[in-house]
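*Asks:* To be precise about what I am sending: the file is called coords.cif and holds mmCIF, C-alpha atoms and all ligand atoms.
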data_input
loop_
_atom_site.label_atom_id
_atom_site.label_comp_id
_atom_site.auth_asym_id
_atom_site.auth_seq_id
_atom_site.Cartn_x
_atom_site.Cartn_y
_atom_site.Cartn_z
CA MET V 5 134.44 119.80 -39.64
CA SER V 6 137.30 117.32 -39.77
CA ASN V 7 137.70 114.48 -42.27
CA LYS V 8 135.84 112.12 -39.92
CA LEU V 9 132.76 110.46 -41.34
CA ALA V 10 129.70 108.77 -39.87
CA PHE V 11 128.06 106.73 -42.65
CA ILE V 12 124.51 105.82 -41.65
CA MET V 13 122.71 103.14 -43.67
CA LEU V 14 119.00 102.73 -42.89
CA ASP V 15 118.18 99.31 -44.32
CA GLY V 16 115.07 99.18 -46.52
CA LEU V 17 114.23 102.89 -46.53
CA GLN V 18 112.63 103.99 -49.81
CA TYR V 19 113.15 107.54 -51.09
CA LYS V 20 109.48 108.53 -51.00
CA THR V 21 109.06 107.51 -47.37
CA ALA V 22 112.26 109.28 -46.35
CA VAL V 23 111.14 112.53 -47.99
CA GLU V 24 107.55 112.40 -46.76
CA GLN V 25 107.95 111.05 -43.24
CA MET V 26 111.34 112.17 -41.93
CA GLY V 27 110.78 115.75 -40.86
CA TYR V 28 114.08 116.32 -39.06
CA LEU V 29 115.99 115.38 -42.20
CA GLY V 30 113.59 117.53 -44.23
CA HIS V 31 114.35 120.46 -41.94
CA LEU V 32 118.08 120.06 -42.53
CA VAL V 33 117.45 120.15 -46.30
CA GLU V 34 115.06 123.13 -46.12
CA GLN V 35 117.48 125.12 -43.99
CA LYS V 36 120.44 124.34 -46.29
CA LYS V 37 122.28 122.27 -43.71
CA ALA V 38 122.21 119.08 -45.78
CA ALA V 39 122.33 118.03 -49.43
CA ARG V 40 119.67 115.56 -50.53
CA TYR V 41 119.71 113.29 -53.59
CA LEU V 42 117.75 110.42 -55.07
CA VAL V 43 120.01 107.39 -55.45
CA LYS V 44 119.13 104.61 -57.89
CA SER V 45 120.24 101.36 -56.27
CA GLU V 46 121.92 98.61 -58.22
CA VAL V 47 120.05 95.34 -58.73
CA PRO V 48 119.21 92.83 -57.44
CA SER V 49 117.72 95.20 -54.86
CA MET V 50 118.78 92.83 -52.09
CA SER V 51 120.59 93.57 -48.86
CA ARG V 52 123.88 91.67 -48.93
CA PRO V 53 124.67 92.49 -52.59
CA LEU V 54 123.98 96.17 -51.93
CA TYR V 55 126.04 96.27 -48.71
CA GLU V 56 128.92 95.20 -50.93
CA VAL V 57 128.04 97.87 -53.54
CA LEU V 58 127.91 100.59 -50.89
CA LEU V 59 131.10 99.56 -49.12
CA THR V 60 133.30 98.58 -52.10
CA GLY V 61 131.87 100.60 -55.02
CA THR V 62 131.82 97.51 -57.23
CA LEU V 63 128.97 95.85 -59.13
CA PRO V 64 127.46 92.49 -58.11
CA HIS V 65 128.51 90.70 -61.34
CA LYS V 66 132.10 91.76 -60.58
CA ASN V 67 132.23 91.17 -56.80
CA GLY V 68 130.18 87.96 -56.88
CA ILE V 69 127.91 88.85 -53.95
CA LEU V 70 124.70 88.14 -55.85
CA THR V 71 122.31 86.88 -53.15
CA ASN V 72 121.70 87.18 -49.44
CA GLN V 73 122.87 83.58 -49.14
CA THR V 74 126.41 84.31 -50.40
CA VAL V 75 128.14 83.85 -47.04
CA ARG V 76 131.83 84.57 -47.50
CA LEU V 77 134.34 87.33 -47.06
CA SER V 78 134.39 90.00 -49.76
CA LYS V 79 137.24 89.79 -52.27
CA GLU V 80 137.08 93.54 -52.93
CA GLU V 81 138.75 96.48 -51.22
CA SER V 82 136.12 97.99 -48.89
CA LEU V 83 135.97 101.26 -47.01
CA PHE V 84 137.14 99.27 -43.96
CA HIS V 85 140.20 98.00 -45.87
CA LEU V 86 140.98 101.47 -47.23
CA THR V 87 140.65 103.33 -43.94
CA LYS V 88 142.86 100.79 -42.16
CA LYS V 89 145.43 100.91 -44.99
CA ASN V 90 145.60 104.68 -44.67
CA GLY V 91 146.24 104.56 -40.95
CA LEU V 92 142.73 105.67 -40.01
CA THR V 93 140.58 104.06 -37.33
CA ASN V 94 137.32 102.38 -38.33
CA ALA V 95 134.35 101.09 -36.38
CA THR V 96 130.88 99.79 -37.08
CA ALA V 97 127.60 99.02 -35.37
CA SER V 98 125.95 96.77 -37.93
CA TYR V 99 123.91 93.70 -38.79
CA TYR V 100 126.06 90.56 -38.71
CA TRP V 101 126.27 90.27 -42.50
CA VAL V 102 128.72 93.19 -42.43
CA SER V 103 130.98 91.12 -40.19
CA GLU V 104 130.61 88.20 -42.62
CA LEU V 105 131.63 90.36 -45.57
CA TYR V 106 134.69 92.03 -44.03
CA ASN V 107 135.81 90.32 -40.80
CA LYS V 108 134.67 86.73 -40.18
CA ALA V 109 132.38 84.27 -41.97
CA PRO V 110 130.22 82.60 -40.88
CA PHE V 111 129.10 84.72 -37.92
CA VAL V 112 128.95 82.93 -34.56
CA GLN V 113 126.24 84.58 -32.52
CA LEU V 114 127.66 83.72 -29.11
CA THR V 115 131.21 84.95 -29.68
CA ASP V 116 131.20 87.44 -32.56
CA ARG V 117 128.93 90.16 -31.22
CA PHE V 118 131.79 92.34 -29.99
CA GLN V 119 134.94 92.41 -32.11
CA ASN V 120 137.87 94.60 -31.08
CA ASP V 121 141.13 93.95 -32.88
CA GLU V 122 143.00 96.76 -34.62
CA ASN V 123 144.76 94.21 -36.85
CA ARG V 124 141.50 93.07 -38.43
CA THR V 125 139.82 94.79 -41.37
CA ILE V 126 137.01 96.04 -39.13
CA GLN V 127 138.86 97.28 -36.07
CA HIS V 128 135.95 97.91 -33.69
CA GLY V 129 132.63 96.19 -34.33
CA ILE V 130 129.38 95.66 -32.47
CA PHE V 131 127.11 93.30 -34.41
CA TYR V 132 123.49 92.26 -33.92
CA SER V 133 121.76 89.30 -35.50
CA GLU V 134 118.04 89.85 -34.92
CA ASP V 135 116.21 92.02 -37.47
CA HIS V 136 114.10 93.53 -34.67
CA TYR V 137 117.14 94.61 -32.62
CA PRO V 138 115.90 98.09 -31.71
CA ASP V 139 117.30 100.97 -33.76
CA SER V 140 117.50 102.94 -30.49
CA HIS V 141 119.96 100.36 -29.12
CA LEU V 142 121.86 100.20 -32.42
CA PHE V 143 122.46 103.94 -32.41
CA ALA V 144 123.52 103.75 -28.76
CA ASP V 145 126.04 101.08 -29.79
CA ALA V 146 127.33 103.42 -32.50
CA HIS V 147 127.53 106.32 -30.08
CA TYR V 148 129.52 104.14 -27.67
CA LEU V 149 131.99 103.32 -30.46
CA MET V 150 132.32 107.00 -31.34
CA GLU V 151 132.94 108.07 -27.74
CA THR V 152 135.29 105.18 -26.93
CA TYR V 153 137.46 104.96 -30.07
CA GLN V 154 136.92 108.30 -31.89
CA PRO V 155 136.94 106.39 -35.21
CA ASP V 156 137.70 108.31 -38.41
CA PHE V 157 135.13 106.13 -40.19
CA LEU V 158 132.01 104.96 -38.35
CA TYR V 159 129.53 102.82 -40.30
CA VAL V 160 126.08 102.57 -38.71
CA HIS V 161 123.55 100.09 -40.06
CA SER V 162 119.97 99.88 -38.76
CA MET V 163 117.40 97.18 -39.60
CA ASN V 164 114.00 98.11 -38.12
CA ILE V 165 112.65 99.92 -41.21
CA ASP V 166 113.36 96.90 -43.42
CA ASP V 167 112.01 94.46 -40.83
CA THR V 168 108.78 96.46 -40.48
CA GLY V 169 108.40 96.76 -44.26
CA HIS V 170 108.59 92.97 -44.62
CA LYS V 171 105.97 92.48 -41.92
CA TYR V 172 103.50 95.21 -42.96
CA THR V 173 104.51 96.37 -46.53
CA ALA V 174 105.75 99.81 -47.57
CA ASP V 175 102.17 101.09 -47.69
CA SER V 176 101.49 100.76 -43.97
CA LYS V 177 101.35 102.97 -40.92
CA GLU V 178 103.90 100.63 -39.36
CA TYR V 179 106.51 101.13 -42.10
CA ARG V 180 105.98 104.89 -42.17
CA GLY V 181 106.11 104.88 -38.37
CA SER V 182 109.45 103.09 -38.30
CA ALA V 183 110.89 105.80 -40.58
CA ILE V 184 109.51 108.49 -38.26
CA ARG V 185 111.12 106.75 -35.27
CA ALA V 186 114.47 106.60 -37.06
CA ASP V 187 114.14 110.32 -37.85
CA ILE V 188 113.57 111.06 -34.15
CA ILE V 189 116.64 109.01 -33.19
CA LEU V 190 118.68 110.98 -35.72
CA ALA V 191 117.32 114.27 -34.36
CA ASN V 192 118.46 113.23 -30.89
CA ILE V 193 121.93 112.10 -31.89
CA LEU V 194 123.13 113.95 -35.01
CA PRO V 195 123.59 117.43 -33.51
CA GLN V 196 126.11 115.93 -31.09
CA TRP V 197 127.87 113.90 -33.78
CA ILE V 198 128.18 117.02 -35.96
CA GLU V 199 129.44 118.94 -32.91
CA ASN V 200 132.04 116.17 -32.51
CA GLY V 201 133.34 117.14 -35.96
CA TYR V 202 131.79 114.31 -38.00
CA GLN V 203 130.60 114.65 -41.57
CA ILE V 204 127.40 112.66 -42.09
CA ILE V 205 126.13 110.42 -44.88
CA ILE V 206 122.62 108.96 -44.59
CA THR V 207 121.40 106.50 -47.19
CA ALA V 208 119.76 103.09 -47.70
CA ASP V 209 120.63 99.89 -49.52
CA HIS V 210 117.23 99.41 -51.23
CA GLY V 211 113.61 100.43 -50.77
CA MET V 212 110.46 98.38 -50.14
CA ASN V 213 107.36 97.54 -52.17
CA ASP V 214 103.68 97.21 -51.34
CA ASP V 215 104.03 93.43 -51.18
CA GLY V 216 106.48 93.87 -48.26
CA ASP V 217 109.45 92.79 -50.33
CA HIS V 218 112.34 93.97 -52.48
CA GLY V 219 114.70 92.41 -54.99
CA GLY V 220 113.41 93.64 -58.33
CA THR V 221 113.91 96.61 -60.59
CA LEU V 222 111.00 99.02 -59.96
CA ASN V 223 111.38 102.48 -58.48
CA ASP V 224 109.83 101.60 -55.10
CA VAL V 225 112.68 99.16 -54.37
CA ARG V 226 115.47 101.01 -56.22
CA ASP V 227 114.95 104.65 -55.25
CA VAL V 228 116.64 105.47 -51.95
CA PRO V 229 117.63 108.73 -50.30
CA LEU V 230 121.09 110.18 -49.85
CA LEU V 231 121.72 113.02 -47.44
CA VAL V 232 125.16 114.51 -46.97
CA ILE V 233 126.20 116.95 -44.26
CA SER V 234 129.72 118.11 -45.00
CA ASP V 235 131.54 121.32 -45.81
CA LYS V 236 132.71 119.49 -48.96
CA VAL V 237 129.17 119.27 -50.37
CA ARG V 238 126.97 122.29 -51.09
CA PRO V 239 123.59 121.84 -49.35
CA ASP V 240 120.56 121.74 -51.63
CA ASP V 241 117.66 119.52 -52.69
CA TYR V 242 119.09 118.10 -55.92
CA ASP V 243 116.92 116.48 -58.55
CA GLN V 244 119.64 114.66 -60.49
CA VAL V 245 119.57 110.89 -59.97
CA VAL V 246 122.80 109.54 -58.47
CA ARG V 247 124.21 106.07 -59.11
CA GLN V 248 124.77 103.98 -56.00
CA LEU V 249 128.35 103.25 -57.13
CA ASN V 250 129.15 106.83 -56.08
CA LEU V 251 128.73 106.14 -52.38
CA ALA V 252 132.04 104.39 -51.71
CA PRO V 253 134.26 106.88 -53.58
CA LEU V 254 132.25 109.75 -52.06
CA ALA V 255 133.08 108.36 -48.61
CA CYS V 256 136.76 108.23 -49.60
CA HIS V 257 136.62 111.85 -50.78
CA LEU V 258 135.07 112.99 -47.50
CA LEU V 259 137.62 110.96 -45.50
CA GLY V 260 140.49 112.49 -47.50
CA ILE V 261 141.82 109.13 -48.76
CA SER V 262 142.30 107.75 -52.26
CA PRO V 263 139.54 105.49 -53.58
CA SER V 264 140.30 101.91 -54.64
CA LYS V 265 141.22 101.39 -58.27
CA GLU V 266 137.85 99.67 -58.85
CA MET V 267 135.78 102.67 -57.75
CA ILE V 268 134.33 105.16 -60.21
CA LYS V 269 135.14 108.88 -60.16
CA VAL V 270 132.44 110.52 -58.04
CA GLU V 271 129.65 112.18 -60.00
CA LEU V 272 127.68 114.19 -57.46
CA PRO V 273 126.20 117.65 -58.04
CA GLY V 274 127.38 120.11 -55.41
CA LEU V 275 130.58 118.22 -54.58
CA LEU V 276 133.34 120.73 -53.86
CA ASN V 277 137.16 120.55 -54.16
CA GLN V 278 137.31 117.38 -56.18
ZN ZN R 1 114.82 93.27 -46.51
#
Will you turn the file into structure tokens for me?

*Replies:*
Amino acid sequence: MSNKLAFIMLDGLQYKTAVEQMGYLGHLVEQKKAARYLVKSEVPSMSRPLYEVLLTGTLPHKNGILTNQTVRLSKEESLFHLTKKNGLTNATASYYWVSELYNKAPFVQLTDRFQNDENRTIQHGIFYSEDHYPDSHLFADAHYLMETYQPDFLYVHSMNIDDTGHKYTADSKEYRGSAIRADIILANILPQWIENGYQIIITADHGMNDDGDHGGTLNDVRDVPLLVISDKVRPDDYDQVVRQLNLAPLACHLLGISPSKEMIKVELPGLLNQ
């Protein structure tokens, strides 16, 4: 494996559903190919605030992204900023809020879908703006970015699990089914990405409750999975709870770059060579 990293964020995927429904990921854990953890998300367990937590390693009260309606560029140093600063190439296939946080705000649907400019914070971006944009297409967008630009850091952000949870609740065959479909997509694509030399992170921003919502402080909306496939992390099924603030500095460690001065020192069982 190289220092390249594909960071996959499955929006709205609760820990319990990931463990119970995603058999390909479960196979990787059982066969000691992946490390799995339970991450406790920060609160509010809302999307845009937690995108900022995941990508900058800072808390909402510090970074000011406190609601989904906070439409402005981030003032923090994100993984996109850090990779670019270190001379690495970054790319993302993501929901448009990621563009609004790190490249351009507000998002203009007609012109901002494809963004290629190596001078910008996000160098290669493909953005969607419909919550039902199919995960299959999203992962194909990400694969295109990988094949075309060979980015050192590729951030992949799907939305169908969250969208389905809002429509049918977390306790529904539809929500569980959307997790199974994401697992199948991963089974089709990850072996090739790993073969391409990429380390893999899979996690979520927040979970989902049985009202079809999230935002609060209970386990169903705060407990999310983290899987890591890397020769820098010893594979196992860990039972220690991991703070979500660890994700950004963990990504830096895997990429071989220094974290920002705002990020915490990574606390992750099984992390090697720190
Ligand atoms: Zn949501």

*Asks:* Dump as a tab-separated table the rows for residues of chain V within 8 Å of ligand ZN 1 (chain R): closest atom pair and distance in Å with one decimal, all atoms listed in the file counted, ordered by chain and rising residue number.

*Replies:*
residue	atom	partner	partner_atom	distance
V:Asp15	CA	R:ZN1	ZN	7.3
V:Gly16	CA	R:ZN1	ZN	5.9
V:Met50	CA	R:ZN1	ZN	6.9
V:Ser51	CA	R:ZN1	ZN	6.2
V:Asp166	CA	R:ZN1	ZN	5.0
V:Asp167	CA	R:ZN1	ZN	6.4
V:Gly169	CA	R:ZN1	ZN	7.6
V:His170	CA	R:ZN1	ZN	6.5
V:Met212	CA	R:ZN1	ZN	7.6
V:Asp217	CA	R:ZN1	ZN	6.6
V:His218	CA	R:ZN1	ZN	6.5

*Asks:* Do you know which residues are at most 10 Å from region 53-70 of chain V counting all atoms listed in the file, after dropping those on the same chain fewer than 6 positions away, and could you put them as JSON, numbers by chain?

*Replies:* {"V": [13, 15, 45, 46, 47, 76, 77, 78, 79, 80, 81, 82, 83, 84, 85, 86, 101, 102, 105, 106, 159, 161, 207, 208, 209, 210, 248, 249, 250, 251, 252, 253, 254, 255, 263, 264, 265, 266, 267, 268]}

*Asks:* Kindly give the distance, in Å, that separates CA of Val225 (chain V) and CA of Leu14 (chain V), rounded to a single decimal.

*Replies:*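 About the pair CA of Val225 (chain V) and CA of Leu14 (chain V): they are 13.6 Å apart.
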
*Asks:* Tell me which of V:Ile198, V:Ile12, V:Cys256, V:Leu17 sits closest to Asp227 (chain V), counting only C-alpha atoms.

*Replies:* V:Leu17

*Asks:* I need the residue nearest Gly211 (chain V) from this list: V:Ile193, V:Leu29, V:Leu92, V:Ala174. Use all atoms listed in the file for the distance.

*Replies:* V:Ala174

*Asks:* Given the choices V:Phe11, V:Tyr99, V:Tyr41, V:Tyr19, which gets closest to Asp240 (chain V) if the distance is worked out from all atoms listed in the file?

*Replies:*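 Selected residue with least distance to Asp240 (chain V): V:Tyr41.
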
*Asks:* Find the residue from V:Asn213, V:Ser6, V:Asn72, V:Ser103 that sits nearest to Ser234 (chain V); use only C-alpha atoms when measuring.

*Replies:*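 Smallest distance to Ser234 (chain V) is found for V:Ser6.
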
*Asks:* Which is closest to Asp214 (chain V) among V:Ile188, V:Leu231, V:Thr173, V:Asn120, if we use all atoms listed in the file?

*Replies:*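 Going through V:Ile188, V:Leu231, V:Thr173, V:Asn120 one by one, the smallest distance to Asp214 (chain V) is for V:Thr173.
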
*Asks:* In Å, rounded to a single decimal, give me how far CA of His141 (chain V) is from CA of Leu194 (chain V).

*Replies:*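 Interatomic distance, CA of Leu194 (chain V) to CA of His141 (chain V): 15.1 Å.
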